[in-house]
>>> print(open('run36.cif').read())   # mmCIF, C-alpha atoms
data_start
loop_
_atom_site.label_atom_id
_atom_site.label_comp_id
_atom_site.auth_asym_id
_atom_site.auth_seq_id
_atom_site.Cartn_x
_atom_site.Cartn_y
_atom_site.Cartn_z
CA MET A 1 45.30 68.06 152.40
CA SER A 2 45.21 65.73 155.41
CA SER A 3 43.13 66.33 158.52
CA MET A 4 45.44 67.16 161.42
CA PRO A 5 45.45 64.61 164.29
CA SER A 6 43.84 65.84 167.50
CA ALA A 7 44.42 65.17 171.18
CA THR A 8 41.52 63.73 173.14
CA GLY A 9 39.38 66.13 175.12
CA PHE A 10 38.35 69.72 174.57
CA ASP A 11 41.39 71.34 176.27
CA SER A 12 44.79 69.87 177.18
CA THR A 13 45.99 72.48 179.68
CA LEU A 14 45.78 70.19 182.70
CA ALA A 15 47.38 67.28 180.84
CA LEU A 16 50.28 69.54 179.85
CA LEU A 17 50.69 70.86 183.40
CA ARG A 18 50.67 67.33 184.83
CA ASN A 19 53.25 66.08 182.35
CA PRO A 20 55.07 69.11 180.87
CA TYR A 21 58.04 67.17 179.49
CA GLY A 22 56.19 64.16 178.14
CA PHE A 23 52.76 65.35 177.02
CA ILE A 24 53.62 66.40 173.46
CA ARG A 25 55.97 63.51 172.71
CA GLN A 26 53.68 60.87 174.16
CA THR A 27 50.61 62.24 172.41
CA CYS A 28 52.46 62.36 169.08
CA ARG A 29 53.62 58.78 169.58
CA HIS A 30 50.06 57.67 170.41
CA LEU A 31 48.78 59.39 167.26
CA ASP A 32 51.76 58.18 165.19
CA ALA A 33 52.41 61.75 164.01
CA ASP A 34 54.87 64.62 164.46
CA LEU A 35 52.11 67.03 165.40
CA PHE A 36 48.57 67.33 166.67
CA GLU A 37 45.98 69.99 167.37
CA THR A 38 44.47 70.77 170.76
CA ARG A 39 43.58 73.70 172.98
CA ILE A 40 45.88 75.14 175.64
CA LEU A 41 44.27 77.69 177.94
CA LEU A 42 41.30 77.46 175.51
CA HIS A 43 43.52 78.75 172.68
CA LYS A 44 43.76 76.58 169.54
CA THR A 45 47.29 75.18 169.57
CA ILE A 46 49.36 72.94 167.30
CA CYS A 47 51.97 70.88 169.18
CA MET A 48 55.02 69.55 167.32
CA THR A 49 58.05 67.38 168.08
CA GLY A 50 61.19 66.21 166.28
CA ALA A 51 63.99 67.72 164.20
CA ALA A 52 61.85 68.24 161.09
CA ALA A 53 59.24 70.04 163.19
CA ALA A 54 61.95 72.21 164.74
CA GLU A 55 63.24 73.20 161.31
CA ALA A 56 59.73 74.25 160.31
CA PHE A 57 59.19 76.06 163.61
CA TYR A 58 62.20 78.33 163.04
CA ARG A 59 61.09 79.54 159.60
CA GLU A 60 60.66 83.17 160.53
CA GLU A 61 58.52 83.94 157.46
CA GLN A 62 55.83 81.52 158.70
CA LEU A 63 55.85 81.76 162.48
CA ILE A 64 56.20 84.82 164.69
CA ARG A 65 56.72 85.29 168.42
CA GLU A 66 54.59 88.38 169.02
CA GLY A 67 51.53 87.40 171.03
CA SER A 68 52.53 83.73 171.22
CA MET A 69 53.32 83.39 174.91
CA PRO A 70 50.52 83.00 177.49
CA SER A 71 50.11 86.12 179.60
CA ARG A 72 51.11 84.31 182.81
CA ILE A 73 54.52 83.47 181.29
CA GLN A 74 54.94 86.96 179.83
CA LYS A 75 54.28 88.56 183.22
CA THR A 76 56.72 86.34 185.09
CA LEU A 77 59.45 84.61 183.10
CA LEU A 78 59.92 86.94 180.14
CA GLY A 79 58.56 90.40 180.85
CA GLU A 80 56.90 92.57 178.20
CA GLY A 81 58.66 94.29 175.31
CA GLY A 82 61.77 92.12 175.39
CA VAL A 83 63.63 90.41 172.57
CA GLN A 84 61.67 87.13 172.87
CA GLY A 85 58.48 88.79 171.60
CA LEU A 86 60.00 90.63 168.62
CA ASP A 87 60.08 89.57 164.98
CA ASP A 88 61.84 90.26 161.68
CA ALA A 89 64.26 93.22 161.47
CA THR A 90 63.31 94.54 164.92
CA HIS A 91 64.17 91.20 166.47
CA GLN A 92 67.45 90.82 164.60
CA HIS A 93 68.58 94.32 165.56
CA ARG A 94 67.77 93.77 169.25
CA LYS A 95 69.41 90.34 169.09
CA LYS A 96 72.64 92.04 168.00
CA MET A 97 72.70 93.77 171.38
CA PHE A 98 72.79 90.44 173.17
CA MET A 99 75.16 88.71 170.79
CA SER A 100 77.62 91.60 171.20
CA MET A 101 77.97 90.55 174.85
CA MET A 102 78.69 86.91 173.99
CA GLY A 103 82.29 87.18 172.83
CA THR A 104 84.73 84.51 173.98
CA GLU A 105 86.59 86.90 176.30
CA HIS A 106 83.37 88.13 177.92
CA ILE A 107 82.14 84.60 178.58
CA ALA A 108 85.55 83.60 179.97
CA ALA A 109 85.43 86.60 182.30
CA LEU A 110 82.07 85.49 183.69
CA GLN A 111 83.38 81.97 184.15
CA GLY A 112 86.36 83.37 186.04
CA MET A 113 84.04 85.29 188.36
CA SER A 114 82.09 82.12 189.11
CA LEU A 115 85.29 80.20 189.86
CA HIS A 116 86.31 83.01 192.21
CA MET A 117 82.94 82.62 193.96
CA LEU A 118 83.55 78.88 194.29
CA ASP A 119 86.92 79.52 195.95
CA ASN A 120 85.25 81.97 198.33
CA PHE A 121 82.38 79.65 199.22
CA ALA A 122 84.37 76.43 199.64
CA PRO A 123 85.91 77.28 203.06
CA ASP A 124 82.43 77.97 204.42
CA TRP A 125 81.20 74.65 203.02
CA GLU A 126 84.00 72.87 204.87
CA ALA A 127 82.94 74.48 208.13
CA ARG A 128 79.28 73.50 207.80
CA ASN A 129 77.65 70.14 208.40
CA GLU A 130 75.83 70.23 205.08
CA VAL A 131 75.04 72.53 202.18
CA VAL A 132 72.12 72.62 199.77
CA PHE A 133 73.99 72.87 196.50
CA TYR A 134 71.15 74.50 194.53
CA ASP A 135 70.84 77.34 197.04
CA GLU A 136 74.59 77.92 197.04
CA VAL A 137 74.88 77.94 193.25
CA ARG A 138 71.98 80.38 192.83
CA GLU A 139 73.65 82.87 195.15
CA MET A 140 77.04 82.44 193.49
CA LEU A 141 75.61 83.01 190.04
CA THR A 142 73.64 86.05 191.22
CA ARG A 143 76.82 87.60 192.62
CA ALA A 144 78.89 86.69 189.56
CA VAL A 145 76.46 87.87 186.89
CA CYS A 146 75.75 91.15 188.68
CA ALA A 147 79.48 91.87 188.88
CA TRP A 148 79.88 90.86 185.21
CA CYS A 149 76.99 93.11 184.13
CA GLY A 150 78.21 96.09 186.13
CA VAL A 151 75.15 95.90 188.39
CA PRO A 152 75.89 97.09 191.96
CA ILE A 153 74.30 94.81 194.53
CA PRO A 154 74.75 95.65 198.22
CA GLU A 155 75.46 92.68 200.47
CA ALA A 156 72.15 93.21 202.27
CA GLU A 157 70.26 92.73 198.98
CA VAL A 158 71.98 89.58 197.69
CA ALA A 159 69.53 87.10 199.22
CA THR A 160 66.50 89.14 198.11
CA ARG A 161 67.67 89.57 194.51
CA THR A 162 68.65 85.89 194.32
CA ALA A 163 65.17 84.84 195.49
CA GLN A 164 63.45 87.26 193.10
CA LEU A 165 65.47 86.19 190.06
CA THR A 166 64.86 82.55 190.96
CA SER A 167 61.12 83.11 191.23
CA LEU A 168 60.98 84.34 187.63
CA PHE A 169 62.04 80.98 186.20
CA GLN A 170 61.10 78.59 189.00
CA ASP A 171 57.54 79.75 189.63
CA ALA A 172 56.51 81.11 186.22
CA GLY A 173 54.43 78.02 185.46
CA ALA A 174 53.08 77.65 188.99
CA ILE A 175 49.44 78.04 189.92
CA GLY A 176 48.23 80.07 192.88
CA PRO A 177 50.38 81.96 195.42
CA LYS A 178 53.74 81.05 193.86
CA HIS A 179 52.67 82.45 190.51
CA TRP A 180 51.53 85.72 192.07
CA ALA A 181 54.78 85.91 194.03
CA ALA A 182 56.65 85.57 190.72
CA ARG A 183 54.63 88.45 189.27
CA LEU A 184 55.51 90.58 192.29
CA ALA A 185 59.18 89.63 191.92
CA ARG A 186 59.04 90.68 188.25
CA HIS A 187 57.51 94.05 189.19
CA ARG A 188 60.12 94.77 191.85
CA LEU A 189 63.04 93.64 189.71
CA GLU A 190 61.93 95.78 186.77
CA LYS A 191 61.70 98.85 189.02
CA TRP A 192 65.19 98.11 190.36
CA ALA A 193 66.64 97.57 186.89
CA ALA A 194 64.90 100.61 185.35
CA ARG A 195 66.30 102.79 188.11
CA MET A 196 69.84 101.63 187.27
CA ILE A 197 69.25 102.22 183.56
CA GLN A 198 68.23 105.81 184.29
CA GLN A 199 71.19 106.30 186.63
CA VAL A 200 73.56 105.26 183.84
CA ARG A 201 71.89 107.68 181.43
CA ASP A 202 72.07 110.48 183.99
CA GLY A 203 75.74 109.78 184.72
CA GLU A 204 75.07 108.81 188.35
CA LEU A 205 76.20 105.26 187.70
CA GLN A 206 79.20 104.58 185.46
CA PRO A 207 79.75 100.90 184.67
CA THR A 208 82.45 99.96 182.18
CA GLN A 209 81.54 100.36 178.51
CA GLU A 210 81.93 96.60 178.01
CA SER A 211 79.35 95.78 180.69
CA ALA A 212 75.81 94.62 179.94
CA LEU A 213 74.34 97.44 182.03
CA HIS A 214 76.13 100.11 179.96
CA PHE A 215 75.43 98.33 176.69
CA ILE A 216 71.69 98.03 177.32
CA ALA A 217 71.32 101.51 178.80
CA THR A 218 72.90 103.08 175.70
CA TRP A 219 71.47 100.78 173.00
CA ARG A 220 69.39 102.42 170.29
CA ASP A 221 66.72 100.53 168.40
CA LEU A 222 66.09 100.77 164.66
CA ASP A 223 64.27 104.08 165.14
CA GLY A 224 67.45 105.55 166.63
CA GLU A 225 65.86 106.01 170.05
CA LEU A 226 67.11 104.69 173.37
CA LEU A 227 65.08 101.82 174.74
CA ASN A 228 62.23 102.80 177.01
CA PRO A 229 63.61 102.42 180.57
CA ARG A 230 61.07 99.69 181.35
CA VAL A 231 61.97 97.75 178.20
CA ALA A 232 65.67 98.24 178.93
CA ALA A 233 65.00 96.86 182.41
CA VAL A 234 63.35 93.78 180.87
CA GLU A 235 66.41 93.24 178.66
CA LEU A 236 68.82 93.63 181.58
CA LEU A 237 66.82 90.98 183.42
CA ASN A 238 67.09 88.87 180.26
CA VAL A 239 70.80 88.67 181.06
CA LEU A 240 70.56 88.28 184.84
CA ARG A 241 67.67 85.83 185.06
CA PRO A 242 68.87 83.20 182.53
CA THR A 243 72.35 83.19 184.05
CA VAL A 244 70.96 82.48 187.52
CA ALA A 245 68.74 79.82 185.91
CA VAL A 246 71.89 77.95 184.83
CA SER A 247 71.93 76.85 188.49
CA VAL A 248 69.39 74.21 187.41
CA PHE A 249 71.75 72.79 184.79
CA ILE A 250 74.61 72.87 187.31
CA VAL A 251 72.64 70.92 189.93
CA GLN A 252 71.63 68.46 187.22
CA THR A 253 75.34 68.13 186.41
CA ALA A 254 76.08 67.27 190.05
CA HIS A 255 73.20 64.81 189.94
CA ALA A 256 74.69 63.14 186.84
CA LEU A 257 78.13 62.89 188.49
CA TYR A 258 76.48 61.10 191.41
CA ARG A 259 74.25 58.86 189.32
CA TYR A 260 77.07 57.90 186.92
CA PRO A 261 80.13 57.88 189.24
CA GLU A 262 82.40 56.23 186.66
CA TRP A 263 82.38 59.55 184.82
CA GLN A 264 84.23 61.33 187.61
CA GLU A 265 87.39 59.40 186.89
CA LYS A 266 86.89 59.69 183.15
CA LEU A 267 86.64 63.46 183.45
CA ARG A 268 89.74 63.68 185.64
CA ASN A 269 91.72 61.74 183.07
CA ASP A 270 90.39 63.36 179.91
CA GLU A 271 89.61 67.09 179.81
CA GLY A 272 88.22 66.59 176.32
CA LEU A 273 85.23 64.75 177.75
CA LEU A 274 84.09 67.74 179.80
CA GLU A 275 82.04 69.41 177.09
CA PRO A 276 80.45 66.15 175.85
CA PHE A 277 79.48 65.42 179.47
CA VAL A 278 77.70 68.74 180.05
CA GLN A 279 76.07 68.58 176.61
CA GLU A 280 74.62 65.18 177.47
CA VAL A 281 73.26 66.65 180.71
CA ARG A 282 71.62 69.42 178.68
CA ARG A 283 70.18 66.85 176.26
CA LEU A 284 68.86 64.28 178.71
CA TYR A 285 67.94 66.26 181.83
CA PRO A 286 64.67 68.19 181.44
CA PHE A 287 64.70 71.98 181.77
CA PHE A 288 62.63 73.96 179.26
CA PRO A 289 59.78 71.75 178.01
CA ALA A 290 58.63 73.77 174.99
CA VAL A 291 58.71 77.12 173.18
CA ALA A 292 55.83 78.97 171.55
CA ALA A 293 55.17 80.82 168.32
CA ARG A 294 52.12 81.99 166.38
CA VAL A 295 51.21 81.38 162.73
CA LYS A 296 51.88 84.59 160.79
CA SER A 297 49.87 83.62 157.72
CA THR A 298 48.25 80.33 156.77
CA PHE A 299 50.69 77.78 155.35
CA GLU A 300 50.98 74.05 154.73
CA TRP A 301 53.58 71.67 156.15
CA GLN A 302 53.75 67.90 155.50
CA GLY A 303 50.25 68.03 154.07
CA TYR A 304 48.75 69.77 157.12
CA ARG A 305 47.25 73.25 157.22
CA PHE A 306 48.51 75.76 159.81
CA PRO A 307 45.79 78.42 160.09
CA LYS A 308 46.74 82.07 160.71
CA GLY A 309 46.71 83.00 164.39
CA HIS A 310 47.09 79.49 165.79
CA ARG A 311 49.62 79.07 168.57
CA VAL A 312 52.36 76.50 167.91
CA LEU A 313 54.32 74.70 170.64
CA LEU A 314 57.62 73.02 169.82
CA ASP A 315 58.57 70.16 172.13
CA LEU A 316 62.19 70.77 173.22
CA TYR A 317 62.72 67.84 175.56
CA GLY A 318 60.98 65.39 173.26
CA THR A 319 63.11 66.53 170.32
CA ASN A 320 66.28 66.13 172.41
CA THR A 321 65.29 62.54 173.19
CA ASP A 322 63.76 61.62 169.82
CA ARG A 323 64.74 58.06 168.90
CA ARG A 324 64.84 59.04 165.22
CA SER A 325 67.75 61.40 165.92
CA TRP A 326 69.48 59.70 168.86
CA ASP A 327 70.66 56.15 169.42
CA ALA A 328 69.38 54.86 172.81
CA PRO A 329 67.97 58.35 173.50
CA LEU A 330 67.11 57.81 177.17
CA GLU A 331 70.56 56.46 178.09
CA PHE A 332 73.28 58.74 179.46
CA ARG A 333 76.06 58.53 176.87
CA PRO A 334 78.26 61.65 176.75
CA GLU A 335 80.55 60.01 174.19
CA ARG A 336 77.83 60.58 171.60
CA PHE A 337 78.87 64.25 171.45
CA ARG A 338 82.52 63.54 170.65
CA GLY A 339 83.05 64.54 167.05
CA ARG A 340 79.32 64.85 166.44
CA ALA A 341 78.40 67.33 163.69
CA GLU A 342 76.27 70.18 165.00
CA ASN A 343 72.63 70.16 164.02
CA PRO A 344 70.59 73.25 164.94
CA TYR A 345 67.32 71.31 164.99
CA ASP A 346 67.79 67.95 166.75
CA PHE A 347 69.64 69.26 169.84
CA ILE A 348 67.65 72.24 171.12
CA PRO A 349 67.69 72.48 174.93
CA GLN A 350 67.69 76.30 174.66
CA GLY A 351 65.95 76.64 171.32
CA GLY A 352 66.96 75.86 167.76
CA GLY A 353 68.04 77.53 164.57
CA ASN A 354 70.69 80.23 164.31
CA HIS A 355 71.84 82.20 167.37
CA TYR A 356 72.09 85.44 165.41
CA THR A 357 68.91 85.36 163.36
CA ASN A 358 66.48 82.96 165.06
CA HIS A 359 65.00 82.90 168.55
CA ARG A 360 67.75 80.66 169.93
CA CYS A 361 68.89 81.67 173.41
CA PRO A 362 71.93 83.99 173.11
CA GLY A 363 73.09 82.86 176.55
CA GLU A 364 73.52 79.22 175.51
CA TRP A 365 77.31 79.55 175.42
CA ILE A 366 77.24 81.06 178.92
CA ALA A 367 75.29 78.02 180.15
CA ILE A 368 77.85 75.62 178.67
CA SER A 369 80.77 77.64 180.06
CA GLN A 370 79.30 77.77 183.56
CA MET A 371 78.41 74.08 183.57
CA LYS A 372 81.94 73.16 182.54
CA ALA A 373 83.46 75.37 185.26
CA PHE A 374 81.32 73.90 188.05
CA CYS A 375 81.67 70.34 186.76
CA ARG A 376 85.47 70.64 186.64
CA TYR A 377 85.46 72.06 190.18
CA LEU A 378 83.29 69.25 191.55
CA VAL A 379 85.50 66.62 189.94
CA ASN A 380 88.96 68.07 190.57
CA ASP A 381 88.88 70.57 193.45
CA ILE A 382 86.65 69.20 196.21
CA ASP A 383 85.48 65.93 197.71
CA TYR A 384 82.07 65.61 199.32
CA ASP A 385 79.55 63.06 200.52
CA VAL A 386 76.02 62.74 199.20
CA PRO A 387 73.79 61.62 202.11
CA ASP A 388 70.57 59.68 201.76
CA GLN A 389 67.98 62.07 200.32
CA ASP A 390 65.26 62.23 197.69
CA LEU A 391 67.20 62.64 194.45
CA GLU A 392 64.32 61.79 192.15
CA LEU A 393 63.58 64.42 189.52
CA ASP A 394 59.94 65.45 189.67
CA PRO A 395 58.67 65.29 186.05
CA GLY A 396 55.81 67.61 186.96
CA GLU A 397 58.05 70.35 188.31
CA LEU A 398 59.30 73.21 186.14
CA PRO A 399 62.25 73.16 186.03
CA SER A 400 62.90 69.58 187.08
CA LEU A 401 65.20 69.32 190.12
CA PRO A 402 66.01 66.76 192.82
CA GLN A 403 63.46 67.03 195.61
CA ASN A 404 66.10 67.93 198.21
CA ARG A 405 67.98 70.29 195.84
CA PHE A 406 71.12 68.11 196.14
CA ILE A 407 72.45 68.11 199.70
CA MET A 408 76.22 67.74 200.17
CA ARG A 409 78.01 66.87 203.42
CA ASN A 410 81.58 66.72 204.64
CA VAL A 411 82.94 68.98 201.89
CA ARG A 412 86.75 68.90 201.72
CA ARG A 413 88.96 70.98 199.50
CA ARG A 414 91.74 69.12 197.79
CA GLN A 415 95.26 70.31 198.44
#
>>> encode(input="run36.cif", output="structure tokens")
Amino acid sequence: MSSMPSATGFDSTLALLRNPYGFIRQTCRHLDADLFETRILLHKTICMTGAAAAEAFYREEQLIREGSMPSRIQKTLLGEGGVQGLDDATHQHRKKMFMSMMGTEHIAALQGMSLHMLDNFAPDWEARNEVVFYDEVREMLTRAVCAWCGVPIPEAEVATRTAQLTSLFQDAGAIGPKHWAARLARHRLEKWAARMIQQVRDGELQPTQESALHFIATWRDLDGELLNPRVAAVELLNVLRPTVAVSVFIVQTAHALYRYPEWQEKLRNDEGLLEPFVQEVRRLYPFFPAVAARVKSTFEWQGYRFPKGHRVLLDLYGTNTDRRSWDAPLEFRPERFRGRAENPYDFIPQGGGNHYTNHRCPGEWIAISQMKAFCRYLVNDIDYDVPDQDLELDPGELPSLPQNRFIMRNVRRRQ
């Protein structure tokens, strides 16, 4: 059995924080290996990259999710007791709850709500000197997903709930005041969501039976019991928060339309290029840097020993831009997705494996649907100017966004 390569230094936490999207890939390349051992937050961790590593990572009999996430991520981004931290039959049963909400008609309904929001917001954009696209999209998605889920949100609370939901994914990896603000946002959102869950159970609130709020409030786990209200609140936020987080992908889509302007005309002339375009944005633009698991019982892979209890990090961005899987991986080439056979391990912006059985994000189809809707709107329904601004993506920011959040001026609706 070979000795596993190791990163330099005793602990790599700071190196990972400084370079979250490149640390694993670059270290693997330096070591000429698909994996290496290090410490993250003083915890022994194996870091992996590439399609073969992803396939190994999603073998549920070898790696589990329980106890794999650092506490700071659990208490901000994910919450405690939710589907991301479950394994085996318990995970698959809870996953059914989410997948039941992902039917084609349900996703189309959410897309329609977002398009309605765009039509409502556009006149206001025309009347203003400039708009910060990221801020506008976050509010639109908050309104749309709350309506879709059956979650009542008074007008006076829209800005607050938008900011709180944003904090969960934007500040989860932050250090200092922003991190503690994200924890506070998690606490307040869970209280809000748990209250609605109880109101549904008490009959005080009656969303439609097809809504996420009703579905989660009435879901029974394998033991036949309703979810604890706090856990149900976590799962409701696991629908709201990721949908608002799609605002990052949408701003990255606008960024790609600006950076590669020839694609605007291509998309106007060929609707079939819309999905390849947004898939290439998801592949090339950094969002989630890595996912975590924990070794269930000691096993061997490619001649290396994975000891029980070790944390394992799978490099998502590095796998999506791995030169062994992608021709010219750092070039923006949407055509590569036309007719390309699906592979659940080399294209993993929201996790890999099977949506129904593995820990692949159940909201991935929502992300694609929303990106397509906003991209089509930007290309076909409005014109706008992009003034001089800092459009560089900060590789040290999680998630990675243009510094000025994509400012638009002189918005005009097309007749």
>>> residues_around(input="run36.cif", residues="segment 378-386 of chain A", least_positions_apart="4", cutoff="12 Å", atoms="only C-alpha atoms", output="ChimeraX atom specification")
/A:115,118-119,121-123,125-126,128-133,250-251,253-259,261-271,274,371-374,390-391,404-415
>>> atom_distance(input="run36.cif", atom1="atom CA of Ala217 of chain A", atom2="atom CA of Pro229 of chain A")
8.0 Å
>>> residues_around(input="run36.cif", residues="Ala232 of chain A", least_positions_apart="5", cutoff="7 Å", atoms="all atoms listed in the file", output="list in words")
Ala194, Ile216, Ala217 and Leu227 of chain A
>>> write_last_selection(input="run36.cif", atoms="C-alpha atoms", output="PDB file, in the coordinates of the input")
ATOM      1  CA  ALA A 194      64.900 100.610 185.350  1.00  0.00           C
ATOM      2  CA  ILE A 216      71.690  98.030 177.320  1.00  0.00           C
ATOM      3  CA  ALA A 217      71.320 101.510 178.800  1.00  0.00           C
ATOM      4  CA  LEU A 227      65.080 101.820 174.740  1.00  0.00           C
TER       5      LEU A 227
END
>>> residues_around(input="run36.cif", residues="Ile348 of chain A", least_positions_apart="4", cutoff="12 Å", atoms="only C-alpha atoms", output="MDAnalysis selection string")
chainID A and resid 49:51 53:55 57:58 279:280 282:284 286:291 314:322 342:344 352:355 359:361 364
>>> closest_residue(input="run36.cif", among="A:Met140, A:Val295, A:Tyr285, A:Asp171", to="Val158 of chain A", atoms="all atoms listed in the file")
A:Met140
>>> resolve_selection(input="run36.cif", expression="the PyMOL selection byres ((chain A and resi 304-309) around 8)", output="PDB file with C-alpha atoms, in the coordinates of the input")
ATOM      1  CA  MET A   1      45.300  68.060 152.400  1.00  0.00           C
ATOM      2  CA  SER A   2      45.210  65.730 155.410  1.00  0.00           C
ATOM      3  CA  SER A   3      43.130  66.330 158.520  1.00  0.00           C
ATOM      4  CA  MET A   4      45.440  67.160 161.420  1.00  0.00           C
ATOM      5  CA  ARG A 294      52.120  81.990 166.380  1.00  0.00           C
ATOM      6  CA  VAL A 295      51.210  81.380 162.730  1.00  0.00           C
ATOM      7  CA  LYS A 296      51.880  84.590 160.790  1.00  0.00           C
ATOM      8  CA  SER A 297      49.870  83.620 157.720  1.00  0.00           C
ATOM      9  CA  THR A 298      48.250  80.330 156.770  1.00  0.00           C
ATOM     10  CA  PHE A 299      50.690  77.780 155.350  1.00  0.00           C
ATOM     11  CA  GLU A 300      50.980  74.050 154.730  1.00  0.00           C
ATOM     12  CA  TRP A 301      53.580  71.670 156.150  1.00  0.00           C
ATOM     13  CA  GLN A 302      53.750  67.900 155.500  1.00  0.00           C
ATOM     14  CA  GLY A 303      50.250  68.030 154.070  1.00  0.00           C
ATOM     15  CA  HIS A 310      47.090  79.490 165.790  1.00  0.00           C
ATOM     16  CA  ARG A 311      49.620  79.070 168.570  1.00  0.00           C
TER      17      ARG A 311
END
>>> resolve_selection(input="run36.cif", expression="the PyMOL selection byres ((chain A and resi 6) around 8)", output="mmCIF file with C-alpha atoms, in the coordinates of the input")
data_model
loop_
_atom_site.group_PDB
_atom_site.id
_atom_site.type_symbol
_atom_site.label_atom_id
_atom_site.label_comp_id
_atom_site.auth_asym_id
_atom_site.auth_seq_id
_atom_site.Cartn_x
_atom_site.Cartn_y
_atom_site.Cartn_z
ATOM 1 C CA MET A 4 45.440 67.160 161.420
ATOM 2 C CA PRO A 5 45.450 64.610 164.290
ATOM 3 C CA ALA A 7 44.420 65.170 171.180
ATOM 4 C CA THR A 8 41.520 63.730 173.140
ATOM 5 C CA PHE A 36 48.570 67.330 166.670
ATOM 6 C CA GLU A 37 45.980 69.990 167.370
ATOM 7 C CA THR A 38 44.470 70.770 170.760
#
>>> closest_atom_pairs(input="run36.cif", of="segment 196-264 of chain A", to="segment 75-79 of chain A", cutoff="9 Å", atoms="only C-alpha atoms", output="JSON lines")
{"residue": "A:Val231", "atom": "CA", "partner": "A:Gly79", "partner_atom": "CA", "distance": 8.5}
{"residue": "A:Val234", "atom": "CA", "partner": "A:Gly79", "partner_atom": "CA", "distance": 5.9}
{"residue": "A:Glu235", "atom": "CA", "partner": "A:Gly79", "partner_atom": "CA", "distance": 8.6}
{"residue": "A:Leu237", "atom": "CA", "partner": "A:Leu78", "partner_atom": "CA", "distance": 8.6}
{"residue": "A:Asn238", "atom": "CA", "partner": "A:Leu78", "partner_atom": "CA", "distance": 7.4}
{"residue": "A:Arg241", "atom": "CA", "partner": "A:Leu77", "partner_atom": "CA", "distance": 8.5}
>>> closest_residue(input="run36.cif", among="A:Ala293, A:Leu189, A:Ala245, A:Ile107", to="Arg230 of chain A", atoms="only C-alpha atoms")
A:Leu189
>>> closest_residue(input="run36.cif", among="A:Val137, A:Val239, A:Met48, A:Ile175", to="Arg72 of chain A", atoms="all atoms listed in the file")
A:Ile175
>>> axis_aligned_box(input="run36.cif", around="segment 277-289 of chain A", padding_each_side="4 Å", output="AutoDock Vina command-line options")
--center_x 69.6 --center_y 69.1 --center_z 179.0 --size_x 27.7 --size_y 17.7 --size_z 13.6
>>> closest_residue(input="run36.cif", among="A:Lys178, A:Arg338, A:His106, A:Arg188", to="Ala212 of chain A", atoms="only C-alpha atoms")
A:His106
